[in-house]
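Structure data follow from model31.pdb (PDB, C-alpha atoms):
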ATOM      1  CA  MET A  28      31.554 -31.246  26.803  1.00  0.00           C
ATOM      2  CA  LYS A  29      28.377 -33.191  27.561  1.00  0.00           C
ATOM      3  CA  HIS A  30      25.155 -32.655  25.686  1.00  0.00           C
ATOM      4  CA  ILE A  31      22.820 -32.651  28.707  1.00  0.00           C
ATOM      5  CA  THR A  32      19.487 -32.521  26.878  1.00  0.00           C
ATOM      6  CA  LYS A  33      20.434 -35.597  24.862  1.00  0.00           C
ATOM      7  CA  GLU A  34      20.572 -37.613  28.081  1.00  0.00           C
ATOM      8  CA  LYS A  35      17.627 -35.897  29.735  1.00  0.00           C
ATOM      9  CA  PRO A  36      15.454 -34.055  27.179  1.00  0.00           C
ATOM     10  CA  LEU A  37      13.285 -31.156  28.311  1.00  0.00           C
ATOM     11  CA  PRO A  38       9.527 -31.753  28.193  1.00  0.00           C
ATOM     12  CA  GLN A  39       8.131 -30.237  25.023  1.00  0.00           C
ATOM     13  CA  ILE A  40       4.611 -29.503  23.813  1.00  0.00           C
ATOM     14  CA  ASP A  41       4.363 -28.610  20.123  1.00  0.00           C
ATOM     15  CA  PHE A  42       1.253 -26.655  19.234  1.00  0.00           C
ATOM     16  CA  GLY A  43       2.224 -25.884  15.645  1.00  0.00           C
ATOM     17  CA  PRO A  44       1.645 -22.510  14.033  1.00  0.00           C
ATOM     18  CA  LEU A  45      -1.172 -20.186  15.033  1.00  0.00           C
ATOM     19  CA  PRO A  46      -4.395 -20.623  13.072  1.00  0.00           C
ATOM     20  CA  PRO A  47      -4.685 -18.162  10.179  1.00  0.00           C
ATOM     21  CA  GLY A  48      -7.064 -15.208  10.303  1.00  0.00           C
ATOM     22  CA  LEU A  49      -6.724 -14.376  13.993  1.00  0.00           C
ATOM     23  CA  THR A  50      -6.917 -10.786  15.121  1.00  0.00           C
ATOM     24  CA  THR A  51      -3.972  -9.414  17.074  1.00  0.00           C
ATOM     25  CA  ARG A  52      -5.870  -9.920  20.328  1.00  0.00           C
ATOM     26  CA  GLN A  53      -6.917 -13.472  19.419  1.00  0.00           C
ATOM     27  CA  ALA A  54      -3.329 -14.339  18.492  1.00  0.00           C
ATOM     28  CA  ALA A  55      -2.095 -12.910  21.809  1.00  0.00           C
ATOM     29  CA  GLU A  56      -4.689 -14.888  23.777  1.00  0.00           C
ATOM     30  CA  GLU A  57      -3.822 -18.084  21.893  1.00  0.00           C
ATOM     31  CA  GLU A  58      -0.100 -17.582  22.567  1.00  0.00           C
ATOM     32  CA  ALA A  59      -0.818 -16.929  26.254  1.00  0.00           C
ATOM     33  CA  ALA A  60      -3.040 -20.005  26.542  1.00  0.00           C
ATOM     34  CA  ARG A  61      -0.378 -22.151  24.870  1.00  0.00           C
ATOM     35  CA  ASP A  62       2.345 -20.785  27.157  1.00  0.00           C
ATOM     36  CA  LEU A  63       0.252 -21.598  30.239  1.00  0.00           C
ATOM     37  CA  LEU A  64       0.088 -25.241  29.145  1.00  0.00           C
ATOM     38  CA  LYS A  65       3.859 -25.511  28.658  1.00  0.00           C
ATOM     39  CA  HIS A  66       6.241 -26.852  31.264  1.00  0.00           C
ATOM     40  CA  PRO A  67       8.377 -24.152  32.928  1.00  0.00           C
ATOM     41  CA  GLU A  68      11.478 -25.829  31.479  1.00  0.00           C
ATOM     42  CA  GLN A  69      10.078 -25.440  27.971  1.00  0.00           C
ATOM     43  CA  LEU A  70       9.315 -21.769  28.630  1.00  0.00           C
ATOM     44  CA  LEU A  71      12.898 -21.267  29.778  1.00  0.00           C
ATOM     45  CA  ALA A  72      14.151 -22.937  26.594  1.00  0.00           C
ATOM     46  CA  ASP A  73      11.774 -20.666  24.626  1.00  0.00           C
ATOM     47  CA  VAL A  74      13.377 -17.614  26.281  1.00  0.00           C
ATOM     48  CA  HIS A  75      16.792 -18.751  25.108  1.00  0.00           C
ATOM     49  CA  ASP A  76      15.423 -19.603  21.672  1.00  0.00           C
ATOM     50  CA  GLU A  77      13.872 -16.148  21.307  1.00  0.00           C
ATOM     51  CA  ILE A  78      17.128 -14.421  22.305  1.00  0.00           C
ATOM     52  CA  LEU A  79      19.244 -16.506  19.922  1.00  0.00           C
ATOM     53  CA  GLN A  80      17.150 -15.843  16.802  1.00  0.00           C
ATOM     54  CA  SER A  81      19.542 -14.591  14.116  1.00  0.00           C
ATOM     55  CA  ASN A  82      16.834 -13.482  11.673  1.00  0.00           C
ATOM     56  CA  ARG A  83      15.721 -10.504  13.830  1.00  0.00           C
ATOM     57  CA  PRO A  84      17.427  -7.521  15.426  1.00  0.00           C
ATOM     58  CA  ILE A  85      18.491  -8.043  19.052  1.00  0.00           C
ATOM     59  CA  ASP A  86      15.896  -5.573  20.387  1.00  0.00           C
ATOM     60  CA  GLN A  87      13.098  -7.638  18.829  1.00  0.00           C
ATOM     61  CA  ASN A  88      14.657 -10.813  20.261  1.00  0.00           C
ATOM     62  CA  LEU A  89      14.632  -9.261  23.723  1.00  0.00           C
ATOM     63  CA  ILE A  90      10.990  -8.182  23.367  1.00  0.00           C
ATOM     64  CA  HIS A  91       9.979 -11.714  22.363  1.00  0.00           C
ATOM     65  CA  ALA A  92      12.037 -13.174  25.211  1.00  0.00           C
ATOM     66  CA  GLN A  93      10.255 -10.881  27.669  1.00  0.00           C
ATOM     67  CA  LYS A  94       6.938 -12.389  26.585  1.00  0.00           C
ATOM     68  CA  ARG A  95       8.191 -15.835  27.556  1.00  0.00           C
ATOM     69  CA  ILE A  96       9.608 -14.529  30.845  1.00  0.00           C
ATOM     70  CA  ALA A  97       6.183 -13.071  31.642  1.00  0.00           C
ATOM     71  CA  SER A  98       4.681 -16.522  30.968  1.00  0.00           C
ATOM     72  CA  ILE A  99       7.143 -18.090  33.399  1.00  0.00           C
ATOM     73  CA  MET A 100       6.167 -15.513  36.021  1.00  0.00           C
ATOM     74  CA  VAL A 101       2.465 -16.300  35.552  1.00  0.00           C
ATOM     75  CA  ARG A 102       3.165 -20.045  35.880  1.00  0.00           C
ATOM     76  CA  VAL A 103       5.102 -19.454  39.100  1.00  0.00           C
ATOM     77  CA  ALA A 104       2.364 -17.187  40.476  1.00  0.00           C
ATOM     78  CA  ALA A 105      -0.297 -19.797  39.689  1.00  0.00           C
ATOM     79  CA  SER A 106       1.643 -22.570  41.387  1.00  0.00           C
ATOM     80  CA  ASN A 107       2.268 -20.340  44.411  1.00  0.00           C
ATOM     81  CA  GLU A 108      -1.444 -19.591  44.607  1.00  0.00           C
ATOM     82  CA  ALA A 109      -2.275 -23.301  44.575  1.00  0.00           C
ATOM     83  CA  ALA A 110       0.316 -23.986  47.276  1.00  0.00           C
ATOM     84  CA  THR A 111      -1.063 -21.132  49.373  1.00  0.00           C
ATOM     85  CA  LYS A 112      -4.580 -22.572  49.191  1.00  0.00           C
ATOM     86  CA  VAL A 113      -3.301 -25.936  50.408  1.00  0.00           C
ATOM     87  CA  MET A 114      -1.387 -24.284  53.255  1.00  0.00           C
ATOM     88  CA  VAL A 115      -4.474 -22.323  54.330  1.00  0.00           C
ATOM     89  CA  LYS A 116      -6.514 -25.540  54.464  1.00  0.00           C
ATOM     90  CA  LEU A 117      -3.812 -27.283  56.479  1.00  0.00           C
ATOM     91  CA  ASN A 118      -3.623 -24.356  58.904  1.00  0.00           C
ATOM     92  CA  LYS A 119      -7.390 -24.465  59.418  1.00  0.00           C
ATOM     93  CA  TRP A 120      -7.187 -28.175  60.244  1.00  0.00           C
ATOM     94  CA  LEU A 121      -4.327 -27.530  62.641  1.00  0.00           C
ATOM     95  CA  LEU A 122      -6.386 -24.843  64.364  1.00  0.00           C
ATOM     96  CA  VAL A 123      -9.332 -27.220  64.735  1.00  0.00           C
ATOM     97  CA  LEU A 124      -7.086 -29.967  66.110  1.00  0.00           C
ATOM     98  CA  THR A 125      -5.460 -27.518  68.518  1.00  0.00           C
ATOM     99  CA  VAL A 126      -8.863 -26.431  69.840  1.00  0.00           C
ATOM    100  CA  VAL A 127      -9.865 -30.079  70.288  1.00  0.00           C
ATOM    101  CA  VAL A 128      -6.654 -30.804  72.220  1.00  0.00           C
ATOM    102  CA  VAL A 129      -7.180 -27.740  74.439  1.00  0.00           C
ATOM    103  CA  ILE A 130     -10.773 -28.751  75.172  1.00  0.00           C
ATOM    104  CA  LEU A 131      -9.742 -32.336  75.955  1.00  0.00           C
ATOM    105  CA  THR A 132      -6.964 -31.067  78.211  1.00  0.00           C
ATOM    106  CA  ILE A 133      -9.389 -28.810  80.135  1.00  0.00           C
ATOM    107  CA  VAL A 134     -11.894 -31.658  80.494  1.00  0.00           C
ATOM    108  CA  LEU A 135      -9.243 -34.047  81.774  1.00  0.00           C
ATOM    109  CA  LEU A 136      -7.820 -31.462  84.187  1.00  0.00           C
ATOM    110  CA  PHE A 137     -11.146 -30.800  85.909  1.00  0.00           C
ATOM    111  CA  ARG A 138     -12.393 -34.341  85.912  1.00  0.00           C
TER     112      ARG A 138
END
What's the structure tokens form of this structure?
Amino acid sequence: MKHITKEKPLPQIDFGPLPPGLTTRQAAEEEAARDLLKHPEQLLADVHDEILQSNRPIDQNLIHAQKRIASIMVRVAASNEAATKVMVKLNKWLLVLTVVVVILTIVLLFR
């Protein structure tokens, strides 16, 4: 069987451990900010990594995996939002061009 990631490794960003002394909220915000900077492929690998942890009970593994899945969902939503903004701009330009063509057509018809 082939080892796919040896031939084409997944993009990885290593942030290291969380800084000491963070409150629970600060730690959660830092984790979220780090996840938002990761590539979706790395988040998917993180999901699998969280599920396969042998040093925790399976229910804790699933809870940790759900955190990563939520990060993937936020990344997808953000990229969809950016794509939507581009599409709205393109549609506005198409509307303007359509109006210009209609006006030119009317002018040429009654000339």
* Shell of 9 Å around range 39-43 of chain A, all atoms listed in the file, local chain residues under 5 positions omitted, as a ChimeraX atom specification -> /A:61,64-66,68-69
* Using all atoms listed in the file, find the one residue out of A:Leu70, A:Ala55, A:Leu117, A:Val128 that sits nearest to Ala97 in chain A. =>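 The shortest atom-to-atom distance to Ala97 in chain A comes from A:Leu70.
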* To do: Just the residues within 8 Å of range 84-92 of chain A, please, counting only C-alpha atoms, with nothing from its chain fewer than 6 positions along; format it as a PyMOL selection string.
  => chain A and resi 73-75+77-78
* To do: Choose the residue, out of A:Val129, A:Leu49, A:Leu136, A:Leu71, that has the smallest atom-to-atom separation from Gln93 in chain A; count only C-alpha atoms.
  =>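 Of A:Val129, A:Leu49, A:Leu136, A:Leu71, the one nearest Gln93 in chain A, counting only C-alpha atoms, is A:Leu71.
Nearest to Pro46 in chain A of all the residues A:Glu58, A:Leu124, A:Asn82, A:Lys29 is A:Glu58, counting only C-alpha atoms.
Minimum atom-to-atom distance to Met100 in chain A, evaluated using only C-alpha atoms, belongs to A:Asp62 out of A:Glu56, A:Asp76, A:Glu34, A:Asp62.
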* CA of Ile133 in chain A to CA of Leu121 in chain A, straight-line distance in Å ->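 CA of Leu121 in chain A sits 18.3 Å away from CA of Ile133 in chain A.
Reported to one decimal place, the separation of CA of Val101 in chain A from CA of Val113 in chain A is 18.6 Å.
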* Point-to-point distance from CA of Ser98 in chain A to CA of Leu63 in chain A, Å rounded to tenths -> 6.8 Å
* To do: Would you please work out which residue, of A:Ala72, A:Ala109, A:Ala60, A:Ala54, is nearest to Pro36 in chain A when using all atoms listed in the file?
  =>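 That would be A:Ala72, the residue with the smallest distance to Pro36 in chain A.
The smallest atom-to-atom distance between Ala59 in chain A and any of A:Lys35, A:His30, A:Lys119, A:Arg95, using all atoms listed in the file, is found for A:Arg95.
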